[in-house]
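*Asks:* Structure: run15.txt, compact mmCIF, C-alpha atoms and all ligand atoms.
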# COMPACT_ATOMS: atom_id res chain seq x y z
CA MET A 26 97.47 133.92 79.67
CA GLY A 27 100.69 132.11 78.90
CA CYS A 28 103.75 131.12 80.92
CA GLY A 29 105.61 134.12 79.53
CA ILE A 30 103.85 136.56 81.87
CA LEU A 31 104.45 134.55 84.99
CA LYS A 32 108.16 134.19 84.39
CA PRO A 33 109.02 137.90 84.20
CA ARG A 34 107.00 138.50 87.36
CA ILE A 35 109.12 136.15 89.34
CA VAL A 36 112.32 137.43 87.79
CA SER A 37 111.40 141.01 88.47
CA GLY A 38 110.24 140.31 92.01
CA HIS A 39 111.98 142.19 94.77
CA LEU A 40 113.05 138.93 96.42
CA GLY A 41 115.85 137.70 94.23
CA THR A 42 115.77 134.33 95.92
CA LEU A 43 112.40 133.62 94.35
CA ARG A 44 114.18 133.07 91.10
CA ALA A 45 116.21 130.28 92.63
CA GLN A 46 113.33 128.61 94.45
CA PRO A 47 111.88 126.48 91.62
CA LYS A 48 115.35 125.30 90.75
CA VAL A 49 116.12 124.38 94.32
CA SER A 50 112.88 122.50 94.77
CA LEU A 51 113.40 120.79 91.42
CA LEU A 52 116.88 119.80 92.50
CA LEU A 53 115.62 118.51 95.84
CA THR A 54 112.87 116.55 94.13
CA MET A 55 115.41 115.03 91.76
CA ILE A 56 117.70 114.09 94.65
CA PHE A 57 114.79 112.51 96.48
CA LEU A 58 113.65 110.58 93.42
CA PHE A 59 117.15 109.34 92.65
CA THR A 60 117.72 108.30 96.25
CA PHE A 61 114.43 106.44 96.31
CA PHE A 62 115.13 104.86 92.94
CA PHE A 63 118.52 103.50 94.05
CA TYR A 64 117.09 102.47 97.40
CA CYS A 65 114.50 100.38 95.59
CA LEU A 66 117.05 98.99 93.18
CA SER A 67 119.06 97.67 96.09
CA GLY A 68 116.02 95.74 97.26
CA SER A 69 115.60 97.74 100.46
CA CYS A 70 112.35 99.10 99.16
CA CYS A 71 110.77 95.63 99.19
CA ASP A 72 112.28 94.91 102.56
CA SER A 73 110.55 97.84 104.07
CA GLN A 74 107.26 96.66 102.65
CA MET A 75 108.06 93.23 103.92
CA SER A 76 108.69 94.37 107.42
CA PHE A 77 105.60 96.48 107.25
CA GLY A 78 103.67 93.34 106.43
CA SER A 79 105.37 91.30 109.05
CA LEU A 80 104.75 93.90 111.71
CA ARG A 81 101.16 92.88 111.54
CA THR A 82 102.06 89.33 112.39
CA ALA A 83 104.51 89.87 115.19
CA GLN A 84 106.85 86.93 115.54
CA PRO A 85 108.23 86.17 118.95
CA LEU A 86 111.80 84.98 119.18
CA VAL A 87 112.86 81.54 120.23
CA PRO A 88 113.84 81.96 123.88
CA GLY A 89 117.55 82.41 123.98
CA GLY A 90 117.86 81.91 120.26
CA SER A 91 118.13 84.22 117.35
CA ALA A 92 115.32 82.83 115.29
CA PRO A 93 111.64 83.45 115.76
CA ALA A 94 109.72 80.70 117.46
CA GLU A 95 106.95 80.93 114.94
CA PRO A 96 106.96 78.31 112.24
CA TRP A 97 107.89 79.20 108.70
CA ILE A 98 104.25 78.69 108.14
CA SER A 99 103.10 81.99 109.36
CA GLY A 100 100.01 84.07 109.73
CA VAL A 101 96.66 82.72 108.73
CA GLY A 102 98.40 79.69 107.38
CA LYS A 103 98.88 78.35 110.84
CA GLN A 104 95.22 77.40 110.89
CA LEU A 105 96.09 74.46 108.75
CA ILE A 106 99.78 73.88 108.89
CA SER A 107 101.29 74.80 112.15
CA GLU A 108 100.98 71.67 114.19
CA ASP A 109 101.70 68.42 112.43
CA ALA A 110 100.68 66.07 109.74
CA HIS A 111 97.18 65.86 111.07
CA GLU A 112 96.75 69.56 111.23
CA ASN A 113 98.50 70.13 107.95
CA THR A 114 95.50 68.68 106.29
CA LEU A 115 92.99 70.36 104.13
CA PRO A 116 89.89 69.00 105.78
CA PRO A 117 88.16 66.87 103.17
CA GLY A 118 84.82 68.39 103.95
CA ASP A 119 86.02 71.94 103.73
CA ALA A 120 88.42 71.52 100.94
CA GLN A 121 86.00 71.74 98.07
CA ASN A 122 84.12 74.67 99.45
CA THR A 123 87.15 76.69 100.30
CA LEU A 124 90.04 75.81 98.11
CA HIS A 125 88.66 74.97 94.77
CA PRO A 126 86.08 77.67 94.20
CA GLY A 127 88.21 80.18 96.03
CA ALA A 128 91.26 79.45 93.98
CA ALA A 129 89.28 79.59 90.78
CA LEU A 130 87.72 82.86 91.79
CA LEU A 131 91.03 84.37 92.58
CA ASP A 132 92.57 83.15 89.40
CA SER A 133 89.93 84.74 87.31
CA LEU A 134 89.31 87.90 89.29
CA ARG A 135 92.46 88.78 91.09
CA PRO A 136 95.50 87.40 89.39
CA GLY A 137 97.71 89.50 91.59
CA THR A 138 96.63 87.65 94.69
CA ALA A 139 96.37 84.16 93.32
CA HIS A 140 100.01 83.38 93.77
CA ALA A 141 100.14 84.59 97.31
CA ILE A 142 97.29 82.32 98.20
CA SER A 143 98.11 79.25 96.27
CA SER A 144 101.63 79.36 97.56
CA ALA A 145 100.75 80.24 101.12
CA LYS A 146 102.81 77.92 103.25
CA ASP A 147 99.77 77.08 105.11
CA GLY A 148 96.99 76.44 102.72
CA ALA A 149 94.82 78.79 104.68
CA PRO A 150 91.16 78.67 103.78
CA ILE A 151 90.88 80.73 100.66
CA ASN A 152 87.76 82.47 101.88
CA SER A 153 89.54 83.93 104.84
CA LEU A 154 92.24 85.25 102.58
CA ILE A 155 89.81 86.85 100.19
CA SER A 156 88.02 88.67 102.93
CA SER A 157 90.99 89.84 104.93
CA ASN A 158 93.91 92.16 104.45
CA ARG A 159 96.12 89.15 104.67
CA THR A 160 96.01 88.93 100.90
CA SER A 161 97.97 92.11 100.56
CA ASP A 162 100.24 91.17 103.46
CA GLN A 163 101.08 87.95 101.75
CA LYS A 164 101.54 89.68 98.47
CA TRP A 165 104.00 92.16 99.92
CA SER A 166 105.83 89.57 101.86
CA ARG A 167 107.21 88.31 98.59
CA SER A 168 109.83 89.68 96.31
CA PRO A 169 108.51 91.92 93.53
CA SER A 170 109.55 89.43 90.87
CA ALA A 171 107.55 86.74 92.58
CA ILE A 172 104.52 88.98 92.67
CA SER A 173 104.59 90.15 89.10
CA VAL A 174 105.71 86.95 87.47
CA HIS A 175 104.10 84.12 89.37
CA SER A 176 100.83 85.78 90.11
CA SER A 177 99.89 86.64 86.58
CA PHE A 178 101.56 83.98 84.50
CA GLY A 179 102.15 80.30 84.42
CA SER A 180 99.69 77.53 84.91
CA LYS A 181 98.62 75.02 87.50
CA LYS A 182 100.16 71.67 86.83
CA PHE A 183 100.03 68.31 88.50
CA PRO A 184 103.00 67.88 90.79
CA GLN A 185 106.00 66.39 89.05
CA ALA A 186 107.42 65.45 92.43
CA ILE A 187 105.69 64.48 95.66
CA ILE A 188 107.06 63.98 99.16
CA VAL A 189 105.06 60.85 99.91
CA GLY A 190 106.40 60.04 103.37
CA VAL A 191 107.01 59.28 106.03
CA LYS A 192 105.02 60.82 108.82
CA LYS A 193 107.40 62.40 111.40
CA GLY A 194 110.34 61.75 109.11
CA GLY A 195 111.21 65.42 108.59
CA THR A 196 108.92 66.06 105.63
CA ARG A 197 108.03 69.60 106.66
CA ALA A 198 111.66 70.58 107.00
CA LEU A 199 112.41 69.14 103.58
CA LEU A 200 109.53 70.96 101.92
CA GLU A 201 110.40 74.27 103.54
CA PHE A 202 114.05 73.88 102.57
CA LEU A 203 113.02 73.14 98.99
CA ARG A 204 110.76 76.14 98.80
CA ILE A 205 113.69 78.51 98.83
CA HIS A 206 114.69 77.13 95.44
CA PRO A 207 113.46 79.50 92.71
CA ASP A 208 112.48 76.59 90.50
CA VAL A 209 110.29 74.89 93.06
CA ARG A 210 106.72 75.89 93.71
CA ALA A 211 105.02 73.88 96.40
CA LEU A 212 101.64 73.66 98.00
CA GLY A 213 102.05 74.44 101.68
CA ALA A 214 99.21 72.40 103.11
CA GLU A 215 98.98 68.66 102.81
CA PRO A 216 96.20 68.07 100.28
CA HIS A 217 95.69 64.39 101.17
CA PHE A 218 94.35 63.87 97.70
CA PHE A 219 95.61 60.34 97.07
CA ASP A 220 94.42 59.04 100.41
CA ARG A 221 91.38 60.98 101.59
CA CYS A 222 90.18 63.28 98.84
CA TYR A 223 90.57 61.15 95.74
CA ASP A 224 86.88 61.30 94.93
CA LYS A 225 87.21 65.04 94.37
CA GLY A 226 88.88 64.27 91.08
CA LEU A 227 92.16 65.18 89.47
CA GLU A 228 91.03 68.61 88.34
CA TRP A 229 90.27 69.54 91.93
CA TYR A 230 93.75 68.43 92.84
CA ARG A 231 95.43 70.34 90.03
CA ASN A 232 93.55 73.44 90.98
CA LEU A 233 95.10 73.38 94.45
CA MET A 234 98.56 73.73 92.99
CA PRO A 235 100.46 76.97 92.74
CA ARG A 236 101.03 78.35 89.28
CA THR A 237 104.36 77.49 87.73
CA LEU A 238 106.35 78.84 84.85
CA GLU A 239 108.19 76.77 82.30
CA GLY A 240 111.04 74.96 84.03
CA GLN A 241 109.59 75.19 87.52
CA ILE A 242 108.61 72.11 89.45
CA THR A 243 105.26 71.77 91.18
CA MET A 244 105.40 69.89 94.48
CA GLU A 245 103.30 68.84 97.42
CA LYS A 246 103.86 66.73 100.51
CA THR A 247 101.47 64.34 102.22
CA PRO A 248 103.40 61.86 104.39
CA SER A 249 100.47 59.47 104.79
CA TYR A 250 100.64 58.53 101.09
CA PHE A 251 103.52 56.18 101.85
CA VAL A 252 101.31 53.88 103.93
CA THR A 253 98.17 54.21 101.81
CA PRO A 254 97.71 51.03 99.76
CA GLU A 255 95.90 52.86 96.91
CA ALA A 256 98.32 55.78 96.68
CA PRO A 257 100.92 54.23 94.34
CA ARG A 258 98.31 53.17 91.78
CA ARG A 259 96.54 56.51 91.95
CA ILE A 260 99.73 58.50 91.56
CA TYR A 261 100.80 56.23 88.73
CA ASN A 262 97.48 56.89 87.00
CA MET A 263 98.07 60.61 87.30
CA SER A 264 101.59 60.30 85.90
CA LYS A 265 103.95 57.37 85.82
CA ASP A 266 106.79 59.91 85.66
CA THR A 267 106.09 61.38 89.07
CA LYS A 268 109.22 61.62 91.20
CA LEU A 269 108.71 60.29 94.69
CA ILE A 270 110.60 61.47 97.73
CA VAL A 271 110.50 59.51 100.98
CA VAL A 272 112.08 60.98 104.10
CA VAL A 273 112.86 58.08 106.39
CA ARG A 274 113.98 58.14 109.99
CA ASN A 275 114.92 55.46 112.50
CA PRO A 276 111.53 53.71 112.91
CA VAL A 277 111.93 53.56 116.70
CA THR A 278 112.48 57.32 117.02
CA ARG A 279 109.79 57.89 114.44
CA ALA A 280 107.29 55.85 116.48
CA ILE A 281 108.12 57.84 119.61
CA SER A 282 107.79 61.08 117.68
CA ASP A 283 104.40 59.94 116.41
CA TYR A 284 103.33 59.02 119.93
CA THR A 285 104.60 62.38 121.27
CA GLN A 286 102.46 64.18 118.75
CA THR A 287 99.32 62.30 119.75
CA LEU A 288 100.16 62.73 123.43
CA SER A 289 100.41 66.48 122.95
CA LYS A 290 96.78 66.48 121.88
CA THR A 291 95.53 63.73 124.17
CA PRO A 292 97.30 63.96 127.51
CA SER A 293 95.26 61.02 128.85
CA LEU A 294 96.81 58.72 126.24
CA PRO A 295 98.06 55.37 127.63
CA THR A 296 101.81 54.99 127.93
CA PHE A 297 103.93 54.23 124.88
CA GLN A 298 104.62 50.80 126.29
CA ALA A 299 100.93 50.02 126.75
CA LEU A 300 100.25 50.89 123.13
CA ALA A 301 103.32 49.31 121.60
CA PHE A 302 102.87 45.88 123.13
CA LYS A 303 99.87 43.66 122.93
CA ASN A 304 99.87 42.65 126.57
CA SER A 305 101.62 45.59 128.11
CA SER A 306 104.55 43.44 129.19
CA LEU A 307 107.29 43.37 126.58
CA GLY A 308 105.54 40.58 124.68
CA THR A 309 104.30 40.77 121.12
CA ILE A 310 104.58 44.11 119.43
CA ASP A 311 101.28 45.50 118.30
CA THR A 312 101.71 46.09 114.61
CA THR A 313 98.12 47.26 114.31
CA TRP A 314 99.14 50.46 116.09
CA SER A 315 99.91 52.92 113.33
CA ALA A 316 102.91 54.37 115.18
CA ILE A 317 104.52 50.94 114.87
CA ARG A 318 103.16 49.94 111.46
CA ILE A 319 104.34 53.05 109.63
CA GLY A 320 107.96 52.19 110.47
CA ILE A 321 107.91 48.89 108.60
CA TYR A 322 109.21 50.73 105.56
CA ALA A 323 110.12 47.64 103.53
CA LYS A 324 106.52 46.45 103.49
CA HIS A 325 105.13 49.74 102.31
CA LEU A 326 107.85 50.12 99.72
CA GLU A 327 106.98 46.72 98.23
CA ASN A 328 103.58 48.08 97.34
CA TRP A 329 105.07 51.15 95.65
CA LEU A 330 107.53 49.09 93.66
CA GLN A 331 104.64 47.34 91.95
CA TYR A 332 103.98 50.61 90.16
CA PHE A 333 107.19 52.63 90.16
CA PRO A 334 110.77 51.56 89.49
CA LEU A 335 113.35 52.37 92.14
CA SER A 336 114.78 55.10 89.92
CA LYS A 337 111.66 57.16 90.55
CA PHE A 338 112.41 57.30 94.27
CA LEU A 339 114.71 59.33 96.40
CA PHE A 340 115.12 58.23 100.00
CA VAL A 341 116.17 61.09 102.19
CA SER A 342 117.70 60.38 105.56
CA GLY A 343 115.73 62.22 108.23
CA GLU A 344 118.79 62.06 110.47
CA ARG A 345 121.10 63.61 107.87
CA LEU A 346 118.52 66.26 107.09
CA VAL A 347 119.22 67.45 110.64
CA SER A 348 122.97 66.81 110.84
CA ASP A 349 123.85 67.90 107.30
CA PRO A 350 120.90 69.69 105.70
CA ALA A 351 122.93 71.13 102.84
CA GLY A 352 124.38 67.73 101.92
CA GLU A 353 120.98 66.09 101.89
CA MET A 354 119.48 69.00 99.95
CA GLY A 355 122.23 68.55 97.37
CA ARG A 356 120.98 65.01 96.72
CA VAL A 357 117.38 66.22 96.54
CA GLN A 358 118.20 68.96 94.04
CA ASP A 359 120.14 66.51 91.87
CA PHE A 360 117.28 64.05 91.94
CA LEU A 361 114.82 66.75 90.89
CA GLY A 362 117.14 67.90 88.12
CA LEU A 363 117.54 71.28 89.75
CA LYS A 364 120.57 73.51 89.86
CA ARG A 365 122.24 73.24 93.27
CA VAL A 366 121.05 76.53 94.65
CA ILE A 367 120.36 75.47 98.24
CA THR A 368 123.69 75.16 99.98
CA ASP A 369 125.40 75.51 103.35
CA LYS A 370 124.98 79.22 103.29
CA HIS A 371 121.22 78.91 103.62
CA PHE A 372 121.33 77.19 107.01
CA TYR A 373 122.42 77.92 110.53
CA PHE A 374 122.13 75.69 113.54
CA ASN A 375 119.85 77.10 116.19
CA LYS A 376 121.07 75.81 119.54
CA THR A 377 117.85 76.57 121.34
CA LYS A 378 115.77 74.76 118.80
CA GLY A 379 118.37 72.05 118.41
CA PHE A 380 117.82 71.96 114.67
CA PRO A 381 119.04 73.61 111.52
CA CYS A 382 117.01 76.62 110.56
CA LEU A 383 116.85 78.72 107.43
CA LYS A 384 118.63 82.04 107.28
CA LYS A 385 116.12 83.32 104.75
CA PRO A 386 113.02 81.21 104.28
CA GLU A 387 110.89 81.76 101.19
CA GLY A 388 109.11 85.08 101.26
CA SER A 389 111.05 86.43 104.22
CA SER A 390 114.32 88.12 104.89
CA LYS A 391 114.46 86.92 108.49
CA PRO A 392 115.85 83.65 109.80
CA ARG A 393 113.19 81.17 110.74
CA CYS A 394 112.99 77.78 112.41
CA LEU A 395 110.15 75.32 112.16
CA GLY A 396 107.39 75.72 114.74
CA LYS A 397 107.00 74.28 118.19
CA SER A 398 105.37 71.10 116.95
CA LYS A 399 108.60 70.16 115.17
CA GLY A 400 111.38 69.08 117.44
CA ARG A 401 109.22 68.43 120.48
CA PRO A 402 110.99 66.80 123.43
CA HIS A 403 110.18 63.10 123.49
CA PRO A 404 109.10 61.31 126.67
CA ASP A 405 111.64 59.00 128.29
CA ILE A 406 111.11 55.43 127.17
CA ASP A 407 112.51 52.48 129.06
CA LYS A 408 115.80 51.25 127.60
CA THR A 409 114.68 47.60 127.48
CA LEU A 410 111.62 48.61 125.56
CA LEU A 411 113.72 50.54 123.08
CA LEU A 412 116.00 47.56 122.54
CA ARG A 413 112.98 45.34 122.05
CA LEU A 414 111.64 47.68 119.39
CA GLN A 415 115.01 47.94 117.72
CA ASP A 416 115.13 44.14 117.52
CA PHE A 417 111.67 44.11 116.06
CA TYR A 418 112.52 46.57 113.30
CA ARG A 419 115.99 45.18 112.49
CA PRO A 420 114.96 42.62 109.83
CA TYR A 421 112.65 45.11 108.19
CA ASN A 422 115.38 47.73 108.22
CA MET A 423 117.83 45.29 106.62
CA LYS A 424 115.30 44.50 103.94
CA PHE A 425 114.75 48.19 103.38
CA TYR A 426 118.49 48.87 103.05
CA GLN A 427 118.67 46.04 100.55
CA MET A 428 115.71 47.28 98.53
CA THR A 429 116.93 50.86 98.39
CA GLY A 430 120.64 50.16 98.18
CA GLN A 431 121.18 52.58 101.06
CA ASN A 432 122.24 51.90 104.63
CA PHE A 433 120.59 54.40 106.92
CA GLY A 434 122.61 53.29 109.93
CA TRP A 435 119.76 52.66 112.32
CA ASP A 436 121.11 49.34 113.55
N1 LIG A 501 115.09 71.61 110.68
C1 LIG A 501 114.21 70.95 111.44
N2 LIG A 501 113.50 71.61 112.38
C2 LIG A 501 112.62 70.94 113.15
N3 LIG A 501 112.35 69.62 113.03
C3 LIG A 501 113.04 68.95 112.11
C4 LIG A 501 113.99 69.57 111.29
N4 LIG A 501 114.51 68.64 110.48
C5 LIG A 501 113.94 67.49 110.80
N5 LIG A 501 113.04 67.67 111.78
C6 LIG A 501 112.25 66.60 112.34
O1 LIG A 501 111.00 66.60 111.68
C7 LIG A 501 110.13 65.87 112.53
C8 LIG A 501 108.71 66.09 112.10
O2 LIG A 501 108.57 65.40 110.89
P1 LIG A 501 107.49 65.81 109.81
O3 LIG A 501 107.67 67.23 109.43
O4 LIG A 501 107.58 64.82 108.73
O5 LIG A 501 106.18 65.64 110.64
S1 LIG A 501 104.71 65.51 110.07
O6 LIG A 501 104.53 64.14 109.64
O7 LIG A 501 104.54 66.47 108.99
O8 LIG A 501 103.88 65.83 111.25
C9 LIG A 501 110.47 66.37 113.92
O9 LIG A 501 110.17 65.34 114.81
P2 LIG A 501 110.17 65.53 116.39
O10 LIG A 501 111.58 65.87 116.77
O11 LIG A 501 109.76 64.24 116.94
O12 LIG A 501 109.21 66.63 116.68
C10 LIG A 501 111.94 66.71 113.84
O13 LIG A 501 112.77 65.80 114.50
Would you mind giving the structure from this file in structure tokens?
Ligand SMILES: Nc1ncnc2c1ncn2[C@@H]1O[C@H](COP(=O)(O)OS(=O)(=O)O)[C@@H](OP(=O)(O)O)[C@H]1O
*Replies:*
Amino acid sequence: MGCGILKPRIVSGHLGTLRAQPKVSLLLTMIFLFTFFFYCLSGSCCDSQMSFGSLRTAQPLVPGGSAPAEPWISGVGKQLISEDAHENTLPPGDAQNTLHPGAALLDSLRPGTAHAISSAKDGAPINSLISSNRTSDQKWSRSPSAISVHSSFGSKKFPQAIIVGVKKGGTRALLEFLRIHPDVRALGAEPHFFDRCYDKGLEWYRNLMPRTLEGQITMEKTPSYFVTPEAPRRIYNMSKDTKLIVVVRNPVTRAISDYTQTLSKTPSLPTFQALAFKNSSLGTIDTTWSAIRIGIYAKHLENWLQYFPLSKFLFVSGERLVSDPAGEMGRVQDFLGLKRVITDKHFYFNKTKGFPCLKKPEGSSKPRCLGKSKGRPHPDIDKTLLLRLQDFYRPYNMKFYQMTGQNFGWD
């Protein structure tokens, strides 16, 4: 029985409208398909998938502000990244069991998910991503080009640029700002390879990296590298061409920020004054306390300069990263040889947060500020004590300005 018999039956049917029905439904289908096609072309299609994904990880708003309070590091990622340098760490013990085999497994078995995981802002344990729906959430939270291109192609390379310091300088903000650049692919978590995990070997390290295409830069940030005596030599041995970015901030404010972070975890911590001075009066400053020692930038830089020439460094002002993020990002992009894509239009100042935030962070269409652990209120420190610390740092700051050829205006 062919189509010929069916056709006359419909035509000869007593309901004349039957003849029109297939055409109408065909027309409606066409209209629907065209509408959907153009909807997708405009990008709205991905947005809807994005919001579907993000619905699962509801993000509260900053009180009184327009941006969500959640950090850019969202979802499962928060397990590793959300808090601070300490918590941004891939625990040395866990790292090999979770990241390396997991990443390898994903690369070989599920290329479509490898990108989402390796580029997760958080460096969430790979195992948890494999076994949860998060994988697909993360996948859909990205633009389609990112999914199809990055996930299946490219290769894992050693980072060509590393944010090596300094702790509490603004390193997270810098990395998250950089991540919106299409030619930057960065590991979200701090791998701590050159300080704590070096014995895992370079291949382990490379395997942590997100895949990159030709022309893209692989990056990571671990602020403790700057004060690790072995780090310069180890990085040099990986590649003497590595570009090194150091975000520096007034060492007095940095020390207080460091203290504030520890205090948030250990409320019984002695006062800042008790820790900063050897005999609790405003006597000798205790340079064995890491919060103080880290801020002697000139000393740490001397060690680095034994391996790398100054031209391999970019010193970013932590203060300007807050007051003029676009300007500072311009310098960073130039240093990395990138097209100036990140500009003023990517930032807005969130009054509630008191910091610049991104209008569209990587992988999201919504504005986002850094999390609660960034921009914490600092405890009040006695003015005399502050002046004493400022005096202490002054000669080191001067030396640092001289070495870098930049005046950061801390004095
Ligand atoms: N845009 C934006 N949003 C929030 N916070 C910002 C931003 N830019 C710089 N900062 C400053 O970054 C400080 C934290 O520095 P790090 O990210 O280097 O800290 S860490 O070492 O990774 O823990 C953090 O220090 P605290 O203010 O002491 O919390 C901030 O002052």
*Asks:* Step by step, measure atom-to-atom distances between ligand LIG 501 (chain A) and each residue using only C-alpha atoms and all ligand atoms, keep those at most 6 Å, then write them as a list in words.
*Replies:*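 Taking only C-alpha atoms and all ligand atoms into account, the residues around ligand LIG 501 (chain A) at most 6 Å away are Asp109, Ala110, Lys192, Lys193, Gly194, Gly195, Thr196, Arg197, Ala198, Pro248, Ser282, Leu346, Val347, Phe380, Pro381, Cys382, Leu395, Ser398, Lys399, Gly400 and Arg401 of chain A.
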*Asks:* I'd like the neighbourhood of region 293-305 of chain A as a list in words, where a residue qualifies if any of its atoms comes within 8 Å (using all atoms listed in the file), though same-chain residues fewer than 6 positions away should be ignored.
*Replies:*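 Near region 293-305 of chain A, the qualifying residues are Ile281, Tyr284, Thr287, Asp311, Thr312, Trp314, Ile317, Ile406 and Leu410 of chain A.
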*Asks:* Asp208 (chain A): which residues within 9 Å, counting all atoms listed in the file, same-chain residues fewer than 5 positions away excluded, as a PyMOL selection string?
*Replies:* chain A and resi 237-238+240-243+363-364
*Asks:* Which one is closest to Glu344 (chain A): A:Asn262, A:Gln415, A:Gln427, A:Asn275? Count only C-alpha atoms.
*Replies:*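 Answer, going by the shortest atom-to-atom distance: A:Asn275.
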*Asks:* Report the distance between CA of His217 (chain A) and CA of Thr247 (chain A) in Å, rounded to one decimal place.
*Replies:*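 So the two atoms, CA of His217 (chain A) and CA of Thr247 (chain A), lie 5.9 Å apart.
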*Asks:* Could you tell me which of A:Phe360, A:Phe417, A:Phe251, A:Phe372 comes closest to Lys324 (chain A) if we count all atoms listed in the file?
*Replies:*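 Smallest separation from Lys324 (chain A) among the options: A:Phe251.
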*Asks:* Could you tell me which of A:Leu227, A:Met263, A:Val189, A:Cys222 comes closest to Lys246 (chain A) if we count all atoms listed in the file?
*Replies:* A:Val189
*Asks:* Using Å and a single decimal, report how far CA of Phe183 (chain A) sits from CA of Pro257 (chain A).
*Replies:*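 A separation of 15.3 Å between them.
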*Asks:* Compute the distance from (109.0, 46.8, 106.6) to each atom, counting all atoms listed in the file, keep the residues with any atom at most 9 Å away, and return them as a PyMOL selection string; use the coordinates of the file.
*Replies:* chain A and resi 318-327+418+420-425
*Asks:* Give me, as a count of residues only, all polymer residues having an atom no more than 10 Å from Gln185 (chain A), counting all atoms listed in the file and skipping those fewer than 3 positions away in the same chain.
*Replies:* 14
*Asks:* Grab the CA of Gly190 (chain A) to CA of Tyr250 (chain A) distance for me, in Å with one decimal place.
*Replies:*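 Separation between CA of Gly190 (chain A) and CA of Tyr250 (chain A): 6.4 Å.
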*Asks:* Return the single residue from A:Val209, A:Val366, A:Ala316, A:Ile260 that is closest to Val277 (chain A), with distances computed using all atoms listed in the file.
*Replies:*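 The answer is A:Ala316, which sits nearest to Val277 (chain A).
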*Asks:* With distances taken over all atoms listed in the file, which residue among A:Leu339, A:Leu330, A:Leu212, A:Leu233 lies nearest Tyr261 (chain A)?
*Replies:*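 Residue with the minimum atom-to-atom distance to Tyr261 (chain A): A:Leu330.
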*Asks:* Around region 281-289 of chain A, fit a box with edges along x, y and z, padding it by 5 Å on each side, then list its centre and edge lengths in Å to one decimal as JSON.
*Replies:*
{"center_x": 103.7, "center_y": 62.2, "center_z": 119.9, "size_x": 18.8, "size_y": 18.6, "size_z": 17.0}
